[in-house]
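Data from input-v4.cif: mmCIF, N, CA and C atoms
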data_coords
#
loop_
_atom_site.group_PDB
_atom_site.id
_atom_site.type_symbol
_atom_site.label_atom_id
_atom_site.label_comp_id
_atom_site.auth_asym_id
_atom_site.auth_seq_id
_atom_site.Cartn_x
_atom_site.Cartn_y
_atom_site.Cartn_z
ATOM 1 N N MET A 1 96.845 101.249 107.304
ATOM 2 C CA MET A 1 95.939 100.581 106.397
ATOM 3 C C MET A 1 95.092 101.611 105.664
ATOM 4 N N VAL A 2 94.885 101.385 104.405
ATOM 5 C CA VAL A 2 94.046 102.246 103.580
ATOM 6 C C VAL A 2 92.584 101.832 103.768
ATOM 7 N N ASP A 3 91.720 102.807 104.003
ATOM 8 C CA ASP A 3 90.301 102.513 104.192
ATOM 9 C C ASP A 3 89.589 102.666 102.849
ATOM 10 N N VAL A 4 89.293 101.553 102.200
ATOM 11 C CA VAL A 4 88.650 101.547 100.889
ATOM 12 C C VAL A 4 87.173 101.206 101.073
ATOM 13 N N LEU A 5 86.288 102.088 100.610
ATOM 14 C CA LEU A 5 84.847 101.861 100.714
ATOM 15 C C LEU A 5 84.252 101.392 99.399
ATOM 16 N N SER A 6 84.905 101.753 98.295
ATOM 17 C CA SER A 6 84.497 101.289 96.974
ATOM 18 C C SER A 6 85.714 101.348 96.059
ATOM 19 N N VAL A 7 85.655 100.594 94.990
ATOM 20 C CA VAL A 7 86.725 100.564 94.002
ATOM 21 C C VAL A 7 86.090 100.834 92.649
ATOM 22 N N GLN A 8 86.714 101.735 91.886
ATOM 23 C CA GLN A 8 86.251 101.999 90.528
ATOM 24 C C GLN A 8 87.215 101.348 89.564
ATOM 25 N N ILE A 9 86.692 100.539 88.667
ATOM 26 C CA ILE A 9 87.489 99.888 87.639
ATOM 27 C C ILE A 9 87.027 100.443 86.302
ATOM 28 N N ASP A 10 87.948 101.021 85.541
ATOM 29 C CA ASP A 10 87.613 101.561 84.226
ATOM 30 C C ASP A 10 87.796 100.484 83.173
ATOM 31 N N SER A 11 86.859 100.396 82.275
ATOM 32 C CA SER A 11 86.936 99.423 81.190
ATOM 33 C C SER A 11 86.412 100.069 79.912
ATOM 34 N N THR A 12 86.457 99.339 78.817
ATOM 35 C CA THR A 12 86.029 99.892 77.535
ATOM 36 C C THR A 12 84.544 100.232 77.514
ATOM 37 N N HIS A 13 83.744 99.583 78.332
ATOM 38 C CA HIS A 13 82.308 99.871 78.359
ATOM 39 C C HIS A 13 81.920 100.818 79.487
ATOM 40 N N GLY A 14 82.897 101.435 80.120
ATOM 41 C CA GLY A 14 82.625 102.418 81.162
ATOM 42 C C GLY A 14 83.099 101.945 82.529
ATOM 43 N N PRO A 15 82.925 102.786 83.528
ATOM 44 C CA PRO A 15 83.389 102.434 84.874
ATOM 45 C C PRO A 15 82.489 101.413 85.556
ATOM 46 N N GLU A 16 83.109 100.616 86.405
ATOM 47 C CA GLU A 16 82.375 99.690 87.272
ATOM 48 C C GLU A 16 82.770 100.018 88.702
ATOM 49 N N PHE A 17 81.839 99.911 89.610
ATOM 50 C CA PHE A 17 82.115 100.162 91.016
ATOM 51 C C PHE A 17 81.916 98.877 91.795
ATOM 52 N N LEU A 18 82.891 98.549 92.623
ATOM 53 C CA LEU A 18 82.824 97.350 93.457
ATOM 54 C C LEU A 18 82.617 97.768 94.903
ATOM 55 N N TYR A 19 81.684 97.123 95.563
ATOM 56 C CA TYR A 19 81.359 97.443 96.954
ATOM 57 C C TYR A 19 81.418 96.215 97.860
ATOM 58 N N GLY A 20 81.488 95.029 97.295
ATOM 59 C CA GLY A 20 81.457 93.803 98.084
ATOM 60 C C GLY A 20 82.661 93.682 99.002
ATOM 61 N N GLU A 21 82.427 93.245 100.213
ATOM 62 C CA GLU A 21 83.501 93.164 101.206
ATOM 63 C C GLU A 21 84.645 92.265 100.749
ATOM 64 N N ALA A 22 84.354 91.141 100.126
ATOM 65 C CA ALA A 22 85.413 90.243 99.656
ATOM 66 C C ALA A 22 86.268 90.929 98.591
ATOM 67 N N GLN A 23 85.607 91.628 97.662
ATOM 68 C CA GLN A 23 86.345 92.344 96.617
ATOM 69 C C GLN A 23 87.171 93.473 97.218
ATOM 70 N N LEU A 24 86.575 94.227 98.129
ATOM 71 C CA LEU A 24 87.286 95.349 98.743
ATOM 72 C C LEU A 24 88.456 94.876 99.585
ATOM 73 N N SER A 25 88.315 93.753 100.229
ATOM 74 C CA SER A 25 89.400 93.200 101.036
ATOM 75 C C SER A 25 90.627 92.933 100.170
ATOM 76 N N LYS A 26 90.398 92.421 98.976
ATOM 77 C CA LYS A 26 91.486 92.163 98.031
ATOM 78 C C LYS A 26 92.196 93.467 97.656
ATOM 79 N N TYR A 27 91.429 94.503 97.348
ATOM 80 C CA TYR A 27 92.029 95.776 96.967
ATOM 81 C C TYR A 27 92.736 96.443 98.139
ATOM 82 N N ARG A 28 92.185 96.310 99.347
ATOM 83 C CA ARG A 28 92.867 96.853 100.539
ATOM 84 C C ARG A 28 94.236 96.198 100.711
ATOM 85 N N ALA A 29 94.275 94.882 100.541
ATOM 86 C CA ALA A 29 95.544 94.157 100.682
ATOM 87 C C ALA A 29 96.553 94.626 99.641
ATOM 88 N N HIS A 30 96.104 94.835 98.416
ATOM 89 C CA HIS A 30 97.001 95.316 97.360
ATOM 90 C C HIS A 30 97.521 96.716 97.688
ATOM 91 N N LEU A 31 96.640 97.609 98.126
ATOM 92 C CA LEU A 31 97.071 98.962 98.463
ATOM 93 C C LEU A 31 98.027 98.970 99.648
ATOM 94 N N ASP A 32 97.766 98.166 100.657
ATOM 95 C CA ASP A 32 98.675 98.081 101.809
ATOM 96 C C ASP A 32 100.041 97.589 101.376
ATOM 97 N N TRP A 33 100.073 96.577 100.506
ATOM 98 C CA TRP A 33 101.331 96.022 100.008
ATOM 99 C C TRP A 33 102.107 97.092 99.240
ATOM 100 N N MET A 34 101.427 97.828 98.353
ATOM 101 C CA MET A 34 102.105 98.872 97.579
ATOM 102 C C MET A 34 102.606 99.997 98.479
ATOM 103 N N GLU A 35 101.829 100.337 99.487
ATOM 104 C CA GLU A 35 102.233 101.392 100.413
ATOM 105 C C GLU A 35 103.489 101.004 101.179
ATOM 106 N N ARG A 36 103.587 99.740 101.569
ATOM 107 C CA ARG A 36 104.781 99.274 102.288
ATOM 108 C C ARG A 36 106.023 99.294 101.403
ATOM 109 N N LEU A 37 105.851 99.031 100.109
ATOM 110 C CA LEU A 37 106.980 98.937 99.187
ATOM 111 C C LEU A 37 107.367 100.264 98.543
ATOM 112 N N ALA A 38 106.484 101.241 98.575
ATOM 113 C CA ALA A 38 106.728 102.515 97.892
ATOM 114 C C ALA A 38 107.864 103.285 98.554
ATOM 115 N N LEU A 39 108.612 103.990 97.729
ATOM 116 C CA LEU A 39 109.665 104.861 98.238
ATOM 117 C C LEU A 39 109.040 106.118 98.824
ATOM 118 N N ASP A 40 109.707 106.697 99.805
ATOM 119 C CA ASP A 40 109.259 107.983 100.321
ATOM 120 C C ASP A 40 109.591 109.046 99.269
ATOM 121 N N PRO A 41 109.010 110.252 99.365
ATOM 122 C CA PRO A 41 109.220 111.267 98.324
ATOM 123 C C PRO A 41 110.690 111.586 98.046
ATOM 124 N N GLY A 42 111.498 111.721 99.079
ATOM 125 C CA GLY A 42 112.924 112.026 98.879
ATOM 126 C C GLY A 42 113.648 110.915 98.143
ATOM 127 N N SER A 43 113.387 109.684 98.514
ATOM 128 C CA SER A 43 114.012 108.543 97.842
ATOM 129 C C SER A 43 113.520 108.416 96.410
ATOM 130 N N SER A 44 112.264 108.758 96.167
ATOM 131 C CA SER A 44 111.728 108.731 94.801
ATOM 132 C C SER A 44 112.459 109.736 93.920
ATOM 133 N N ARG A 45 112.644 110.957 94.436
ATOM 134 C CA ARG A 45 113.361 111.972 93.663
ATOM 135 C C ARG A 45 114.790 111.525 93.371
ATOM 136 N N GLU A 46 115.456 110.956 94.360
ATOM 137 C CA GLU A 46 116.825 110.475 94.177
ATOM 138 C C GLU A 46 116.877 109.358 93.129
ATOM 139 N N PHE A 47 115.936 108.445 93.189
ATOM 140 C CA PHE A 47 115.872 107.357 92.217
ATOM 141 C C PHE A 47 115.680 107.904 90.798
ATOM 142 N N ILE A 48 114.764 108.857 90.646
ATOM 143 C CA ILE A 48 114.505 109.449 89.327
ATOM 144 C C ILE A 48 115.749 110.171 88.816
ATOM 145 N N ARG A 49 116.436 110.916 89.696
ATOM 146 C CA ARG A 49 117.680 111.585 89.287
ATOM 147 C C ARG A 49 118.718 110.581 88.823
ATOM 148 N N ASP A 50 118.873 109.490 89.563
ATOM 149 C CA ASP A 50 119.855 108.463 89.198
ATOM 150 C C ASP A 50 119.531 107.843 87.836
ATOM 151 N N VAL A 51 118.265 107.560 87.598
ATOM 152 C CA VAL A 51 117.867 106.990 86.318
ATOM 153 C C VAL A 51 118.113 107.995 85.196
ATOM 154 N N ALA A 52 117.763 109.253 85.430
ATOM 155 C CA ALA A 52 117.957 110.301 84.407
ATOM 156 C C ALA A 52 119.435 110.451 84.062
ATOM 157 N N LYS A 53 120.313 110.345 85.040
ATOM 158 C CA LYS A 53 121.755 110.448 84.781
ATOM 159 C C LYS A 53 122.257 109.320 83.896
ATOM 160 N N GLN A 54 121.624 108.155 84.003
ATOM 161 C CA GLN A 54 122.045 106.998 83.225
ATOM 162 C C GLN A 54 121.583 107.060 81.771
ATOM 163 N N LEU A 55 120.662 107.953 81.464
ATOM 164 C CA LEU A 55 120.130 108.039 80.088
ATOM 165 C C LEU A 55 121.052 108.827 79.187
#

Kindly present the structure from the file in structure tokens form.
Amino acid sequence: MVDVLSVQIDSTHGPEFLYGEAQLSKYRAHLDWMERLALDPGSSREFIRDVAKQL
């Protein structure tokens, strides 16, 4: 699990920082989900090579 203490959101009027537990819980869940789905470095390189070959 990723330990998120604050979240910075960039917008046209500048950065915003979120500290509320409910908001942070949402971002923790998103980061955990992305971490589970992400390829490991070796698989990422292989995927990029395969895509480059198709171009």

With 4 Å added on each side, what axis-aligned box encloses every listed atom of segment 38-48 of chain A? Give the centre and edge lengths in Å to one decimal, as JSON.
{"center_x": 111.7, "center_y": 106.6, "center_z": 94.6, "size_x": 18.4, "size_y": 18.8, "size_z": 19.5}

- Task: List every residue of chain A that DSSP, applied to the backbone of this structure, assigns to helix (DSSP H, G or I), and report them as a PyMOL selection string.
- Result: chain A and resi 21-37+41-54

- How many Å lie between atom N of Ile9 of chain A and atom C of Leu39 of chain A, rounded to one decimal? 25.2 Å

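Every residue that the PyMOL selection byres ((chain A and resi 18) around 7) selects in this file is listed here: Leu5, Ser6, Val7, Gln8, Ile9, Glu16, Phe17, Tyr19, Gly20, Glu21, Gln23 and Leu24 of chain A.
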
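Minimum distance to Ser25 of chain A across A:Pro41, A:Asp10, A:Asp3, A:Arg49 (counting only C-alpha atoms) occurs at A:Asp3.
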
- Every residue of chain A that DSSP places in strand (DSSP E or B), as a list in words: Val7, Gln8, Ile9, Asp10, Ser11, Gly14, Pro15, Glu16, Phe17 and Leu18 of chain A

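Taking atom C of Val51 of chain A and atom C of Ala29 of chain A as endpoints, the distance between them is 29.2 Å.
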